[in-house]
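Chemist: This is the content of work_16.pdb (PDB, C-alpha atoms):
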```pdb
ATOM      1  CA  MET W   1      31.134 -71.453 -33.149
ATOM      2  CA  TYR W   2      28.407 -69.205 -31.852
ATOM      3  CA  LYS W   3      28.571 -65.546 -30.716
ATOM      4  CA  GLN W   4      27.840 -64.631 -27.064
ATOM      5  CA  ASP W   5      26.231 -61.279 -26.280
ATOM      6  CA  GLY W   6      26.144 -59.562 -22.871
ATOM      7  CA  PHE W   7      28.450 -59.017 -19.931
ATOM      8  CA  THR W   8      30.232 -61.507 -17.743
ATOM      9  CA  ILE W   9      29.743 -61.552 -13.974
ATOM     10  CA  VAL W  10      33.273 -60.197 -13.479
ATOM     11  CA  GLU W  11      32.566 -57.202 -15.725
ATOM     12  CA  LEU W  12      29.345 -56.425 -13.837
ATOM     13  CA  ILE W  13      31.119 -56.599 -10.467
ATOM     14  CA  ILE W  14      33.842 -54.229 -11.680
ATOM     15  CA  VAL W  15      31.256 -51.701 -12.943
ATOM     16  CA  ILE W  16      29.313 -51.863  -9.653
ATOM     17  CA  ALA W  17      32.561 -51.384  -7.681
ATOM     18  CA  VAL W  18      33.508 -48.327  -9.749
ATOM     19  CA  ILE W  19      30.027 -46.806  -9.230
ATOM     20  CA  GLY W  20      30.314 -47.485  -5.481
ATOM     21  CA  ILE W  21      33.699 -45.759  -5.253
ATOM     22  CA  MET W  22      32.396 -42.728  -7.174
ATOM     23  CA  ALA W  23      29.363 -42.502  -4.878
ATOM     24  CA  ALA W  24      31.563 -42.750  -1.772
ATOM     25  CA  ILE W  25      33.553 -39.748  -3.016
ATOM     26  CA  ALA W  26      30.620 -37.661  -4.258
ATOM     27  CA  VAL W  27      28.090 -38.029  -1.401
ATOM     28  CA  PRO W  28      30.173 -36.380   1.383
ATOM     29  CA  ASN W  29      31.042 -33.462  -0.913
ATOM     30  CA  PHE W  30      27.393 -33.006  -1.802
ATOM     31  CA  LEU W  31      26.298 -33.154   1.842
ATOM     32  CA  SER W  32      28.844 -30.493   2.837
ATOM     33  CA  TYR W  33      27.635 -28.273  -0.021
ATOM     34  CA  LEU W  34      23.941 -28.366   0.983
ATOM     35  CA  PRO W  35      23.995 -26.103   4.093
ATOM     36  CA  ASP W  36      25.780 -23.296   2.226
ATOM     37  CA  ALA W  37      23.474 -23.647  -0.782
ATOM     38  CA  ARG W  38      20.423 -23.363   1.475
ATOM     39  CA  LEU W  39      21.858 -20.310   3.243
ATOM     40  CA  LYS W  40      22.608 -18.672  -0.104
ATOM     41  CA  SER W  41      19.051 -19.386  -1.226
ATOM     42  CA  ALA W  42      17.623 -17.768   1.923
ATOM     43  CA  ALA W  43      19.832 -14.687   1.460
ATOM     44  CA  ARG W  44      18.856 -14.306  -2.190
ATOM     45  CA  ASP W  45      15.171 -14.664  -1.331
ATOM     46  CA  LEU W  46      15.496 -11.953   1.330
ATOM     47  CA  TYR W  47      17.252  -9.731  -1.207
ATOM     48  CA  SER W  48      14.415 -10.339  -3.685
ATOM     49  CA  ASN W  49      11.791  -9.568  -1.050
ATOM     50  CA  MET W  50      13.543  -6.289  -0.222
ATOM     51  CA  GLN W  51      13.398  -5.386  -3.907
ATOM     52  CA  ARG W  52       9.718  -6.417  -3.923
ATOM     53  CA  VAL W  53       8.990  -4.061  -1.009
ATOM     54  CA  LYS W  54      10.725  -1.184  -2.783
ATOM     55  CA  ILE W  55       8.884  -1.764  -6.069
ATOM     56  CA  GLY W  56       5.565  -2.395  -4.291
ATOM     57  CA  ALA W  57       5.845   0.908  -2.431
ATOM     58  CA  ILE W  58       6.573   2.826  -5.627
ATOM     59  CA  LYS W  59       3.856   1.080  -7.615
ATOM     60  CA  SER W  60       1.092   1.417  -4.995
ATOM     61  CA  ASN W  61       2.181   4.885  -3.847
ATOM     62  CA  LYS W  62       2.088   3.835  -0.186
ATOM     63  CA  LYS W  63       4.551   2.487   2.370
ATOM     64  CA  TRP W  64       5.567  -1.173   2.365
ATOM     65  CA  ALA W  65       7.656  -2.978   4.967
ATOM     66  CA  ILE W  66       9.377  -6.187   5.968
ATOM     67  CA  VAL W  67       8.748  -7.047   9.620
ATOM     68  CA  PHE W  68      11.381  -9.354  11.170
ATOM     69  CA  ASN W  69      10.740 -11.629  14.141
ATOM     70  CA  ALA W  70      14.153 -12.908  15.230
ATOM     71  CA  ASP W  71      12.774 -15.151  17.983
ATOM     72  CA  ALA W  72      10.435 -16.990  15.606
ATOM     73  CA  ARG W  73      13.025 -16.914  12.769
ATOM     74  CA  THR W  74      10.464 -15.408  10.386
ATOM     75  CA  TYR W  75       9.761 -12.261   8.438
ATOM     76  CA  GLU W  76       6.673 -10.840   6.752
ATOM     77  CA  VAL W  77       6.393  -8.669   3.662
ATOM     78  CA  CYS W  78       3.608  -6.148   4.394
ATOM     79  CA  SER W  79       1.755  -3.404   2.573
ATOM     80  CA  GLY W  80      -0.332  -0.916   4.511
ATOM     81  CA  LYS W  81       0.506   0.545   7.872
ATOM     82  CA  GLY W  82      -1.127  -0.436  11.142
ATOM     83  CA  PRO W  83      -2.728   2.246  13.332
ATOM     84  CA  ASP W  84       0.057   2.021  15.917
ATOM     85  CA  ASN W  85       2.746   2.909  13.327
ATOM     86  CA  SER W  86       4.781  -0.112  14.413
ATOM     87  CA  TRP W  87       3.946  -2.339  11.430
ATOM     88  CA  ARG W  88       2.970  -5.021  13.917
ATOM     89  CA  GLY W  89      -0.724  -4.145  13.951
ATOM     90  CA  THR W  90      -3.569  -6.142  12.455
ATOM     91  CA  ASP W  91      -4.210  -3.604   9.671
ATOM     92  CA  ASN W  92      -1.173  -4.729   7.709
ATOM     93  CA  ASP W  93      -1.751  -6.650   4.527
ATOM     94  CA  VAL W  94       0.718  -9.530   4.774
ATOM     95  CA  VAL W  95       1.786 -10.216   1.206
ATOM     96  CA  LYS W  96       4.192 -13.014   2.103
ATOM     97  CA  LYS W  97       5.443 -14.770   5.233
ATOM     98  CA  VAL W  98       8.866 -16.446   5.191
ATOM     99  CA  ILE W  99       9.967 -19.016   7.772
ATOM    100  CA  LEU W 100      13.745 -19.424   7.779
ATOM    101  CA  GLY W 101      13.436 -22.962   9.149
ATOM    102  CA  ASP W 102      11.811 -24.023   5.877
ATOM    103  CA  TYR W 103      15.184 -23.643   4.146
ATOM    104  CA  GLY W 104      16.707 -26.384   6.318
ATOM    105  CA  SER W 105      20.323 -26.691   7.528
ATOM    106  CA  GLY W 106      19.595 -24.446  10.516
ATOM    107  CA  VAL W 107      19.283 -21.189   8.548
ATOM    108  CA  THR W 108      18.693 -18.404  11.063
ATOM    109  CA  PHE W 109      19.501 -14.788  11.905
ATOM    110  CA  GLY W 110      23.120 -14.543  13.055
ATOM    111  CA  LYS W 111      26.675 -13.555  12.178
ATOM    112  CA  GLY W 112      28.273 -16.987  11.695
ATOM    113  CA  SER W 113      32.049 -16.559  11.382
ATOM    114  CA  ALA W 114      31.814 -12.845  10.567
ATOM    115  CA  THR W 115      33.889 -10.690  12.894
ATOM    116  CA  ASP W 116      33.245  -7.285  11.334
ATOM    117  CA  PRO W 117      29.763  -6.198  10.292
ATOM    118  CA  ILE W 118      29.040  -4.204   7.173
ATOM    119  CA  GLY W 119      29.522  -0.551   8.105
ATOM    120  CA  GLY W 120      28.957  -0.754  11.870
ATOM    121  CA  THR W 121      29.257  -2.930  14.953
ATOM    122  CA  PHE W 122      27.523  -6.125  15.955
ATOM    123  CA  GLY W 123      25.270  -5.845  18.950
ATOM    124  CA  ASN W 124      23.104  -8.582  20.365
ATOM    125  CA  ASP W 125      20.796  -8.231  17.381
ATOM    126  CA  PHE W 126      21.623  -9.374  13.888
ATOM    127  CA  ILE W 127      18.911  -7.124  12.489
ATOM    128  CA  THR W 128      20.157  -3.536  12.531
ATOM    129  CA  TYR W 129      16.965  -1.706  11.517
ATOM    130  CA  SER W 130      16.154   0.576  14.433
ATOM    131  CA  SER W 131      13.306   2.948  13.636
ATOM    132  CA  PRO W 132      10.964   1.129  13.845
ATOM    133  CA  LYS W 133      12.921  -1.732  15.425
ATOM    134  CA  ASN W 134      13.488  -4.778  13.184
ATOM    135  CA  VAL W 135      11.401  -3.324  10.351
ATOM    136  CA  ILE W 136      12.437  -2.165   6.875
ATOM    137  CA  VAL W 137      10.082   0.563   5.650
ATOM    138  CA  MET W 138      10.089   1.819   2.064
ATOM    139  CA  ASN W 139       8.051   4.832   0.970
ATOM    140  CA  SER W 140       6.452   5.709  -2.362
ATOM    141  CA  ARG W 141       9.755   7.141  -3.670
ATOM    142  CA  GLY W 142      11.564   3.842  -3.071
ATOM    143  CA  THR W 143      13.620   5.196  -0.204
ATOM    144  CA  GLY W 144      13.521   4.205   3.433
ATOM    145  CA  ASN W 145      15.447   3.331   6.543
ATOM    146  CA  GLY W 146      18.889   1.779   6.241
ATOM    147  CA  GLY W 147      20.227  -1.304   7.961
ATOM    148  CA  TYR W 148      21.225  -4.928   7.553
ATOM    149  CA  VAL W 149      19.990  -8.399   8.342
ATOM    150  CA  TYR W 150      22.585 -11.109   8.894
ATOM    151  CA  LEU W 151      21.862 -14.751   8.068
ATOM    152  CA  THR W 152      23.880 -17.840   8.981
ATOM    153  CA  ASN W 153      23.363 -21.597   9.183
ATOM    154  CA  SER W 154      24.009 -24.382  11.682
ATOM    155  CA  SER W 155      27.643 -24.777  10.597
ATOM    156  CA  ASN W 156      28.268 -21.091  11.542
ATOM    157  CA  ASN W 157      31.074 -20.810   8.987
ATOM    158  CA  SER W 158      29.114 -18.712   6.494
ATOM    159  CA  CYS W 159      27.282 -15.433   6.781
ATOM    160  CA  TYR W 160      25.331 -13.194   4.437
ATOM    161  CA  GLY W 161      24.486  -9.566   5.075
ATOM    162  CA  VAL W 162      21.391  -8.337   3.251
ATOM    163  CA  GLY W 163      20.325  -4.746   3.652
ATOM    164  CA  THR W 164      19.188  -1.405   2.372
ATOM    165  CA  ARG W 165      20.585   2.063   2.354
ATOM    166  CA  SER W 166      18.377   5.049   3.077
ATOM    167  CA  SER W 167      18.565   5.848  -0.648
ATOM    168  CA  GLY W 168      16.699   2.586  -1.352
ATOM    169  CA  VAL W 169      19.680   0.642  -2.698
ATOM    170  CA  VAL W 170      19.406  -3.040  -1.751
ATOM    171  CA  ILE W 171      22.667  -4.849  -0.982
ATOM    172  CA  LEU W 172      23.625  -8.527  -0.674
ATOM    173  CA  ARG W 173      27.076  -9.382   0.693
ATOM    174  CA  ARG W 174      28.730 -12.654   1.694
ATOM    175  CA  TRP W 175      31.290 -13.054   4.449
ATOM    176  CA  ILE W 176      34.348 -14.807   3.039
ATOM    177  CA  GLY W 177      36.467 -15.270   6.158
ATOM    178  CA  ALA W 178      38.475 -13.509   8.838
ATOM    179  CA  ASP W 179      41.753 -13.693   6.920
ATOM    180  CA  ALA W 180      40.503 -11.738   3.898
ATOM    181  CA  SER W 181      41.524  -8.128   3.400
ATOM    182  CA  GLU W 182      37.956  -7.333   2.324
ATOM    183  CA  PRO W 183      35.812  -9.882   4.195
ATOM    184  CA  TRP W 184      32.504  -8.711   2.686
ATOM    185  CA  LYS W 185      32.100  -9.352  -1.037
TER     186      LYS W 185
END
```
As structure tokens, please, write out the structure in this file.
Modeler:
Amino acid sequence: MYKQDGFTIVELIIVIAVIGIMAAIAVPNFLSYLPDARLKSAARDLYSNMQRVKIGAIKSNKKWAIVFNADARTYEVCSGKGPDNSWRGTDNDVVKKVILGDYGSGVTFGKGSATDPIGGTFGNDFITYSSPKNVIVMNSRGTGNGGYVYLTNSSNNSCYGVGTRSSGVVILRRWIGADASEPWK
């Protein structure tokens, strides 16, 4: 009698079938997770860039800003102020440019399923910085104008509000649904 090593064809087919069933269950769950993960990444990056503007302004002892362009779905982190005081001039030193489309899954400015904004009302804009319009400005003390930027994705079931208070505090909040007693967490 001799000893046989290895697997039989039946054993291999069973293992391949089990792997196929596991993949059929896992892939749809993973694909539904991706849009929300990309939106969360975009919101956290915006939060980090707001902190960067605050720290940059304190460190350099001059104003820094984030200039939002809702139509192009972009924003720029800038140091230095243009001659027209709008932060849209050519004298700005653009430290970083972020394109929301690079995150994928249709990440854009918008309210998604959110029905109540953080501390105010939704208008047509999902960027609530008003003076100057659509620009966060931080001064050398780390304080600046207050407002929020709302981000959503193509599924429109999630929303993040990222913003600053005039005291310089940077806030990141996620909308958790219309049925919640405190929708912003």
Chemist: For the PyMOL selection byres ((chain W and resi 75) around 12), applied here, can you spell out every residue it catches as a ChimeraX atom specification?
Modeler: /W:42,45-46,49-50,65-74,76-78,87-88,94-101,108-109,127,134-136,149
Chemist: Check the smallest atom-to-atom distance from each of W:Val169, W:Val137, W:Ile9, W:Val162 to Tyr47 in chain W using all atoms listed in the file, then report the winner.
Modeler: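 Nearest to Tyr47 in chain W: W:Val162.
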Chemist: To test your reading of the syntax: which residues would the PyMOL selection byres ((chain W and resi 156) around 9) return for the file shown? Reply as a ChimeraX atom specification.
Modeler: /W:110-113,152-155,157-159
Chemist: Translate the PyMOL selection byres ((chain W and resi 163-165) around 8) into a concrete residue list for this structure, as a list in words.
Modeler: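 In the shown coordinates, the PyMOL selection byres ((chain W and resi 163-165) around 8) covers Tyr47, Met50, Gly144, Asn145, Gly146, Gly147, Tyr148, Val149, Gly161, Val162, Ser166, Ser167, Gly168, Val169, Val170, Ile171 and Leu172 of chain W.
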Chemist: With C-alpha atoms retained, could you export that selection as a PDB file, in the coordinates of the input?
Modeler:
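Output contents, as saved in part.pdb:
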```pdb
ATOM      1  CA  TYR W  47      17.252  -9.731  -1.207  1.00  0.00           C
ATOM      2  CA  MET W  50      13.543  -6.289  -0.222  1.00  0.00           C
ATOM      3  CA  GLY W 144      13.521   4.205   3.433  1.00  0.00           C
ATOM      4  CA  ASN W 145      15.447   3.331   6.543  1.00  0.00           C
ATOM      5  CA  GLY W 146      18.889   1.779   6.241  1.00  0.00           C
ATOM      6  CA  GLY W 147      20.227  -1.304   7.961  1.00  0.00           C
ATOM      7  CA  TYR W 148      21.225  -4.928   7.553  1.00  0.00           C
ATOM      8  CA  VAL W 149      19.990  -8.399   8.342  1.00  0.00           C
ATOM      9  CA  GLY W 161      24.486  -9.566   5.075  1.00  0.00           C
ATOM     10  CA  VAL W 162      21.391  -8.337   3.251  1.00  0.00           C
ATOM     11  CA  SER W 166      18.377   5.049   3.077  1.00  0.00           C
ATOM     12  CA  SER W 167      18.565   5.848  -0.648  1.00  0.00           C
ATOM     13  CA  GLY W 168      16.699   2.586  -1.352  1.00  0.00           C
ATOM     14  CA  VAL W 169      19.680   0.642  -2.698  1.00  0.00           C
ATOM     15  CA  VAL W 170      19.406  -3.040  -1.751  1.00  0.00           C
ATOM     16  CA  ILE W 171      22.667  -4.849  -0.982  1.00  0.00           C
ATOM     17  CA  LEU W 172      23.625  -8.527  -0.674  1.00  0.00           C
TER      18      LEU W 172
END
```
Chemist: Between W:Ser130, W:Ser48, W:Thr115, W:Ser105, which is the closest to Asp36 in chain W once you count all atoms listed in the file?
Modeler: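 Closest to Asp36 in chain W of all the choices is W:Ser105.
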